[in-house]
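**Q** Attaching a single structure in structure tokens format; questions to follow.
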Amino acid sequence: MLVTEQDALRQEIKAWGDMYGRDRTALIPILQEIQRKHARISEYAMQIVADMLDIHPVEVYGVVSFYSFLDHKPKGRFVIRLCRTISCDMHDKDRVARQLQNDLGIRFGETTPDGRFTLEWANCIGMCDQGPALLVNDHVFTRVTPDKVHDILEGCRRAMGVHAQEQMQEQLV
Amino acid sequence: MSESTTFGKDVSRAPVSQRGHRVGPVDDSQAIGGQISIEMDGKTLKVPIGTTILEASKELGLRIPTLCHHEDLCVAGVCRMCVVEVEGQRTLQAACAYPITQPIKVKTHSRKVRQARRHILDLILANHYGECYACNRNNNCELQTLAKEYGVDFFRFGHPTEPMFELDTSSHSVVRDMNKCVLCRRCIRTCIDFQEVGVLEVQGRGAESKVVTFMDKPLAEVVCINCGQCINRCPTGALRANDPTDDVWAAIDDPTKHVVMQTAPSPRAGIGECFGLPPGRALTFEMNTALRQCGFDKVFDTNFTADLTIIEEGTELLLRLKKALVDKQPVAIPQFTSCSPGWVKYIEHFYPEYLAHLSSAKSPQQMFGALIKTYYAHLNKIDPKDIVCVALMPCSAKKFECNRPEMCDSGYKDIDYGLTTRELGKMISEAGINLPDLPKSDFDDPFGTATGSGVIFGATGGVMEAALRTVIELVTGKKVENFFDHAEIIPLRGFEGIRYAEIPVKEVGPVPGILKHLFEDWSWLKGATLKVAVAHGTAYAKKVMDDIRAGGKFSECHFIEFMACPGGCLGGGGQPIPTSPAIRAARAQAIYSEDRAYSVRKSHENPAVVKVYNEFLTDGPCGHLSHKLLHTHYTPRGKFIA
Ligand code: SF4
Ligand code: SF4
Ligand code: SF4
Ligand code: FES
Ligand code: FES
């Protein structure tokens with residue numbers, strides 16, 4: 001990381017510290033902010049947070065590795081999390097899983113080489129009566145069938161295209 | 001009571017807002033309602049409110065098995081080995097984490113309890129890769145003991161046949177084998193709460209949990225200070241010291257090598273425990289015999305260089321004080337002791353800006369190495385390259401220390417191997433010797449004689465006490481017994497985490513010969529008050545350092561003793577397992593009684609030390625040669641990991 005990037009990150013984290021406080025109770029909100037902004041929490045960020053909250057970096061790492069929605073490694077633009085808990089399992093989540101793996105050409109826990117999709121397992125997300133259920137980032141999809149998988153992925157790709165165009169326009173402006 | 005206090009200090013990681021939910025000990029257990037009657041396995045007992053079921057069971061002489069519980073650490077309640085039946089509760093309860101707040105009836109070994117415990121054990125063993133006979137905790141493993149107690153004779157849920165994790169052998173001091181980890185988190189509570197270094201935590205959750213360092217890096221790349229306290233708390237063989245005994249045996253078996261052993265004060269107070277003796281019996285002279293029988297060519301007493309350390313460090317202190325008081329020059333005061341390599345690495349990582357305060361004097365272990373490969377080699381006409389220096393230490397950080405690149409001032413690696421008390425116990429057993437039965441024998445010359453001052457180095461406060469005995473006599477020219485009964489400086493003793501004392505210098509005498517080259521007179525010290533402090537365990541060291549940084553009381557001290565391990569060296573990470581508050585106290589007892597038994601009890605009176613200054617270090621304490629051989633420098637490391 002460049003020094004200037006590190007400085008910027010440190011300033012950001014300091015600001016979140018002002019907002020949420022500087023003791024260990026502020027840890028999760030600050031980590032969530034970092035995750036939201038940078039889509040991951042780097043090694044450096046963890047150490048800055050630890051230093052600010054007067055806790056140990058390894059504790060921050062423990063928390064980041066504990067929660068599925070906090071990541072150390074960068075993930076794809078779309079993180080697909082398929083529920084593997086019992087109700088969804090009985091509703092044939094395995095077929096959905098196979099379809100996802102086939103369509104994306106990756107296995108669970110992996111990210112596509114183009115950095116667009118990450119595939120992960122999730123535990124119950126509270127949609128047990130409408131399983132199989134999955135999450136794409138923070139959108140919930142229920143009663144997913146192999147056919148629907150195709151539509152969902154297409155939707156993502158379209159959103160990505162739009163987004164990419166928006167970004168290009170932003171840059172042009 | 002047990003709730004999240006270790007060593008009498010609050011180490012809870014719970015947010016302040018939630019601490020009100022805790023059941024603590026009552027202020028006055030004699031007050032009405034302070035005592036509760038309970039019944040356990042048909043026996044009755046009155047206990048103060050807040051006592052845990054586990055504590056009550058000990059009072060009744062009942063055994064409830066535990067795995068994650070440790071007397072030095074806060075309650076975790078994670079292993080569930082200690083489950084008991086509490087009448088009226090739907091589920092089994094963890095005895096270690098159940099504070100008694102109302103009259104209860106407990107069954108500690110009903111059928112339901114026994115079955116549950118057996119299940120828990122079977123589940124642990126289903127994830128435990130290791131063969132007891134090839135394990136360094138064989139016969140001293142809490143998991144193995146439980147398996148025996150519960151008659152495990154087959155693996156109900158299977159048993160791994162392949163290792164799941166690679167060994168971490170990166171550190172000179174600690175080896176981690178997570179295949180044997182039972183996830184009791186004692187090492188974590190040790191490192192974070194007890195020592196406040198913060199190297200270990202759990203990564204992931206559920207079945208994927210694993211104890212790791214920051215980013216799962218090798219131990220040598222993180223802020224580990226090598227104190228080995230985690231080894232001493234681990235119930236299994238998952239953590240162990242980096243064991244060089246094979247190399248030491250090889251050196252002994254090599255006829256061209258002259259193998260020299262030095263033994264530190266604390267191992268003698270602990271090694272009996274490796275041979276089934278109760279803690280608190282010193283086996284100093286039996287150990288000398290055993291070492292000779294094992295094949296060591298010479299056995300020396302590290303106390304000799306402990307005395308030397310006192311002279312060098314004491315002189316350095318006087319020099320710093322003179323610079324401040326007489327020359328009015330800026331100088332780093334308070335001076336910090338530097339004999340605990342765990343503490344040295346701690347300050348290098350966490351307070352690098354204070355390194356100038358650290359005495360430049362090497363630790364006794366390293367001073368000895370440097371002298372053996374120069375002075376002793378010359379005296380006995382042995383080529384230093386054929387000398388192998390082994391040090392018996394209560395400490396795992398000493399292994400790191402002797403491998404520091406700068407520790408080669410003799411022109412060779414000053415100390416070749418550091419052995420822990422446990423490792424020497426193993427070597428002695430391997431040689432077929434039952435240590436307690438041996439006749440006694442003395443240390444070898446030319447360093448033979450030791451003083452009581454060297455011995456008490458092993459206990460927290462000992463270095464300070466030894467230094468003051470010497471400084472007081474050097475400055476006043478009078479026996480320290482005139483100021484303190486039996487030369488025992490009691491305020492410095494005990495196990496309180498931080499201790500503070502003020503010693504007024506009411507009178508001064510002539511400058512003794514040994515210091516004539518440095519000081520003309522002591523008049524500048526007359527009427528001064530020497531302020532000293534002692535801290536043991538890095539958690540307390542941290543408190544003192546933070547106070548100094550904030551400009552508090554300790555920043556006005558002149559000399560502060562820091563020990564990385566709770567209790568000082570006698571509670572070191574290389575000492576026999578287990579170590580508990582009671583065991584530390586017993587070992588301290590052994591050390592202080594040994595001190596009392598010595599005829600010479602002050603470092604500067606040690607004839608061997610006087611001789612070294614006369615014959616070898618002729619330019620005196622803190623002179624040119626002593627600076628080359630007996631002093632060192634430190635590395636600012638910082639706590640950020642790239
Ligand atoms: S850790 Fe204990 S149970 Fe495991 S192999 Fe070693 S001695 Fe046996
Ligand atoms: S040796 Fe000390 S600092 Fe290192 S991990 Fe163990 S307890 Fe922590
Ligand atoms: S390494 Fe040892 S002390 Fe640490 S969690 Fe594992 S078994 Fe417990
Ligand atoms: S089991 Fe899948 S959402 Fe609950
Ligand atoms: S000893 Fe009580 S839960 Fe581990």
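Quick note on naming: the chains in the structure tokens go A, B, ... in the order shown, residues restart at 1 in each chain, and ligands are numbered from 1 in order of appearance.
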Would you please extract all alpha helix (DSSP H) residues from segment 201-417 of chain B, as assigned by DSSP on the backbone, and give them as an MDAnalysis selection string?

**A** chainID B and resid 229:233 245:253 265:270 284:294 303:325 341:350 364:371 377:379 397:402

**Q** Based on only C-alpha atoms, which of the residues in chain B come within 12 Å of chain A? I want them as a count of residues only.

**A** 43

**Q** Give me the residues near Gly131 of chain A as a list in words, where near means some atom within 12 Å (using only C-alpha atoms) and where sequence neighbours in that chain fewer than 5 positions away do not count.

**A** Leu82, Cys83, Arg84, Thr85, Ile86, Ser87, Cys88, Asp89, Met90, His91, Asp92, Lys93, Asp94, Val96, Cys124, Ile125, Gly126, Val140, Phe141, Thr142, Arg143, Val144 and Thr145 of chain A

**Q** If we count only C-alpha atoms and set the cut-off at 12 Å, which residues sit around Glu12 of chain A, ignoring sequence neighbours fewer than 3 positions away in its own chain? Please answer as a list in words.

**A**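 Everything that qualifies: Glu5, Gln6, Asp7, Ala8, Leu9, Ala15, Trp16, Gly17, Asp18, Met19, Ile30, Leu31, Glu33, Ile34, Lys37, His38, Ala45, Ile48, Val49 and Met52 of chain A.
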
**Q** Near segment 271-280 of chain B, counting only C-alpha atoms, which residues have an atom at most 10 Å away, once you skip same-chain residues fewer than 3 positions from it, shown as a ChimeraX atom specification?

**A** /B:140,266-268,283-284,287,394,420-426,428-429,434-436,575-579,582-591,593

**Q** Using atom CA of Met393 of chain B and atom CA of Asn226 of chain B as the two end points, give the distance in Å to one decimal.

**A**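 Atom CA of Asn226 of chain B lies at a distance of 13.3 Å from atom CA of Met393 of chain B.
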
**Q** Going by DSSP on the backbone, which residues of segment 543-629 of chain B come out as strand (DSSP E)? List them as a list of chain:residue names.

**A** B:Phe559, B:Ile560, B:Glu561, B:Phe562, B:Met563

**Q** With C-alpha atoms retained, could you export that selection as an mmCIF file, in the first residue's frame?

**A**
```cif
data_model
loop_
_atom_site.group_PDB
_atom_site.id
_atom_site.type_symbol
_atom_site.label_atom_id
_atom_site.label_comp_id
_atom_site.auth_asym_id
_atom_site.auth_seq_id
_atom_site.Cartn_x
_atom_site.Cartn_y
_atom_site.Cartn_z
ATOM 1 C CA PHE B 559 15.258 2.326 39.250
ATOM 2 C CA ILE B 560 12.525 -0.107 38.267
ATOM 3 C CA GLU B 561 12.735 -3.864 38.093
ATOM 4 C CA PHE B 562 10.638 -5.502 35.404
ATOM 5 C CA MET B 563 10.092 -9.225 34.971
#
```

**Q** Using only C-alpha atoms, which residue out of B:Tyr376, B:Tyr351, B:Phe457, B:Phe157 lies closest to Glu594 of chain B?

**A**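 When distances to Glu594 of chain B are compared using only C-alpha atoms, the smallest one comes from B:Phe457.
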
**Q** Pick out the residues sitting within 8 Å of segment 377-390 of chain B, and hand them over as a ChimeraX atom specification; count only C-alpha atoms, and ignore anything fewer than 3 positions along from it in its own chain.

**A** /B:248,251,256-262,369,372-374,412,414-419

**Q** How many Å separate atom CA of Cys339 of chain B from atom CA of Ser363 of chain B?

**A**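 Calculated distance between atom CA of Cys339 of chain B and atom CA of Ser363 of chain B is 4.1 Å.
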
**Q** Counting only C-alpha atoms and all ligand atoms, which protein, DNA or RNA residues come within 8 Å of ligand 3, given as a PyMOL selection string?

**A** chain B and resi 68+176-178+180-188+211+230-231+233-239

**Q** How would you write, as number ranges by chain, the set of residues no farther than 7 Å from ligand 5 when counting only C-alpha atoms and all ligand atoms?

**A** B: 66-69, 76-83, 94-97

**Q** Those selected residues, please, written with C-alpha atoms and delivered as a PDB file, in the first residue's frame.

**A**
```
ATOM      1  CA  THR B  66     -11.691 -29.392  34.301  1.00  0.00           C
ATOM      2  CA  LEU B  67      -9.880 -28.588  31.103  1.00  0.00           C
ATOM      3  CA  CYS B  68     -10.297 -24.933  30.244  1.00  0.00           C
ATOM      4  CA  HIS B  69     -10.145 -23.764  33.840  1.00  0.00           C
ATOM      5  CA  ALA B  76     -14.070 -19.205  30.214  1.00  0.00           C
ATOM      6  CA  GLY B  77     -16.528 -22.078  30.543  1.00  0.00           C
ATOM      7  CA  VAL B  78     -15.811 -23.348  27.055  1.00  0.00           C
ATOM      8  CA  CYS B  79     -14.834 -27.000  27.412  1.00  0.00           C
ATOM      9  CA  ARG B  80     -17.814 -28.235  29.484  1.00  0.00           C
ATOM     10  CA  MET B  81     -15.755 -31.017  31.082  1.00  0.00           C
ATOM     11  CA  CYS B  82     -16.793 -29.731  34.484  1.00  0.00           C
ATOM     12  CA  VAL B  83     -20.534 -30.163  33.983  1.00  0.00           C
ATOM     13  CA  ALA B  94     -20.486 -25.816  34.066  1.00  0.00           C
ATOM     14  CA  ALA B  95     -19.161 -25.903  37.620  1.00  0.00           C
ATOM     15  CA  CYS B  96     -16.297 -23.519  36.917  1.00  0.00           C
ATOM     16  CA  ALA B  97     -18.641 -20.825  35.655  1.00  0.00           C
TER      17      ALA B  97
END
```

**Q** Within 6 Å of segment 621-633 of chain B, counting only C-alpha atoms, which residues qualify if same-chain residues fewer than 6 places away don't, as a list in words?

**A**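 The neighbour list is Glu312, Ser360, Ala361, Lys362, Met367, Ala370 and Asp409 of chain B.
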
**Q** Could you please take those selected residues and save all heavy atoms as a PDB file, in the first residue's frame?

**A**
```
ATOM      1  N   GLU B 312      27.463  -4.197  37.682  1.00  0.00           N
ATOM      2  CA  GLU B 312      27.448  -3.402  36.451  1.00  0.00           C
ATOM      3  C   GLU B 312      26.212  -2.505  36.407  1.00  0.00           C
ATOM      4  O   GLU B 312      26.287  -1.320  36.097  1.00  0.00           O
ATOM      5  CB  GLU B 312      27.469  -4.320  35.220  1.00  0.00           C
ATOM      6  CG  GLU B 312      28.771  -5.080  35.015  1.00  0.00           C
ATOM      7  CD  GLU B 312      29.950  -4.182  34.630  1.00  0.00           C
ATOM      8  OE1 GLU B 312      29.709  -3.142  33.993  1.00  0.00           O
ATOM      9  OE2 GLU B 312      31.096  -4.514  34.991  1.00  0.00           O
ATOM     10  N   SER B 360      22.044  -1.106  30.013  1.00  0.00           N
ATOM     11  CA  SER B 360      22.732  -1.761  28.899  1.00  0.00           C
ATOM     12  C   SER B 360      23.400  -3.053  29.359  1.00  0.00           C
ATOM     13  O   SER B 360      23.918  -3.805  28.542  1.00  0.00           O
ATOM     14  CB  SER B 360      23.749  -0.814  28.273  1.00  0.00           C
ATOM     15  OG  SER B 360      24.759  -0.522  29.212  1.00  0.00           O
ATOM     16  N   ALA B 361      23.381  -3.322  30.656  1.00  0.00           N
ATOM     17  CA  ALA B 361      23.984  -4.563  31.151  1.00  0.00           C
ATOM     18  C   ALA B 361      23.246  -5.766  30.585  1.00  0.00           C
ATOM     19  O   ALA B 361      22.021  -5.786  30.538  1.00  0.00           O
ATOM     20  CB  ALA B 361      23.941  -4.594  32.671  1.00  0.00           C
ATOM     21  N   LYS B 362      24.017  -6.762  30.148  1.00  0.00           N
ATOM     22  CA  LYS B 362      23.392  -7.996  29.656  1.00  0.00           C
ATOM     23  C   LYS B 362      22.769  -8.756  30.819  1.00  0.00           C
ATOM     24  O   LYS B 362      23.061  -8.497  31.984  1.00  0.00           O
ATOM     25  CB  LYS B 362      24.463  -8.884  29.044  1.00  0.00           C
ATOM     26  CG  LYS B 362      24.930  -8.478  27.671  1.00  0.00           C
ATOM     27  CD  LYS B 362      25.939  -9.509  27.191  1.00  0.00           C
ATOM     28  CE  LYS B 362      26.559  -9.069  25.878  1.00  0.00           C
ATOM     29  NZ  LYS B 362      27.703  -9.938  25.533  1.00  0.00           N
ATOM     30  N   MET B 367      26.089 -12.657  30.141  1.00  0.00           N
ATOM     31  CA  MET B 367      27.388 -12.266  30.701  1.00  0.00           C
ATOM     32  C   MET B 367      28.247 -13.501  30.914  1.00  0.00           C
ATOM     33  O   MET B 367      29.444 -13.509  30.611  1.00  0.00           O
ATOM     34  CB  MET B 367      27.179 -11.575  32.060  1.00  0.00           C
ATOM     35  CG  MET B 367      26.713 -10.155  31.957  1.00  0.00           C
ATOM     36  SD  MET B 367      27.014  -9.334  33.532  1.00  0.00           S
ATOM     37  CE  MET B 367      26.312  -7.729  33.180  1.00  0.00           C
ATOM     38  N   ALA B 370      29.719 -14.822  27.697  1.00  0.00           N
ATOM     39  CA  ALA B 370      30.817 -14.004  27.188  1.00  0.00           C
ATOM     40  C   ALA B 370      32.089 -14.221  28.006  1.00  0.00           C
ATOM     41  O   ALA B 370      33.196 -14.217  27.470  1.00  0.00           O
ATOM     42  CB  ALA B 370      30.409 -12.530  27.206  1.00  0.00           C
ATOM     43  N   ASP B 409      29.707 -11.460  21.587  1.00  0.00           N
ATOM     44  CA  ASP B 409      30.803 -10.540  21.893  1.00  0.00           C
ATOM     45  C   ASP B 409      32.119 -11.230  22.205  1.00  0.00           C
ATOM     46  O   ASP B 409      33.179 -10.621  22.170  1.00  0.00           O
ATOM     47  CB  ASP B 409      30.398  -9.608  23.040  1.00  0.00           C
ATOM     48  CG  ASP B 409      29.338  -8.625  22.590  1.00  0.00           C
ATOM     49  OD1 ASP B 409      29.400  -8.205  21.415  1.00  0.00           O
ATOM     50  OD2 ASP B 409      28.444  -8.284  23.378  1.00  0.00           O
TER      51      ASP B 409
END
```

**Q** For the atom pair atom CA of Asp72 of chain B and atom CA of Ile225 of chain B, what is the interatomic distance in Å to one decimal place?

**A** 19.1 Å

**Q** With distances taken over only C-alpha atoms and all ligand atoms, which residue among B:Glu221, B:Asp41, B:Asp307, B:Asp246 lies nearest ligand 2?

**A** B:Glu221

**Q** Find the nearest atom pair between each residue of chain B and ligand 1 for residues within 6 Å, count only C-alpha atoms and all ligand atoms, give distances in Å to one decimal, sort rows by chain and ascending number, and present the table as a Markdown table.

**A**
```
| residue | atom | partner | partner_atom_place_in_ligand_line | distance |
| --- | --- | --- | --- | --- |
| B:Gly130 | CA | ligand 1 | 5 (S) | 4.0 |
| B:Glu131 | CA | ligand 1 | 5 (S) | 4.3 |
| B:Cys132 | CA | ligand 1 | 8 (Fe) | 3.4 |
| B:Cys135 | CA | ligand 1 | 6 (Fe) | 4.5 |
| B:Arg137 | CA | ligand 1 | 7 (S) | 4.7 |
| B:Asn138 | CA | ligand 1 | 7 (S) | 4.1 |
| B:Cys141 | CA | ligand 1 | 2 (Fe) | 4.6 |
| B:Leu143 | CA | ligand 1 | 3 (S) | 5.1 |
| B:Gln144 | CA | ligand 1 | 3 (S) | 4.3 |
| B:Lys180 | CA | ligand 1 | 1 (S) | 5.3 |
| B:Thr236 | CA | ligand 1 | 1 (S) | 4.0 |
| B:Gly237 | CA | ligand 1 | 1 (S) | 4.0 |
```
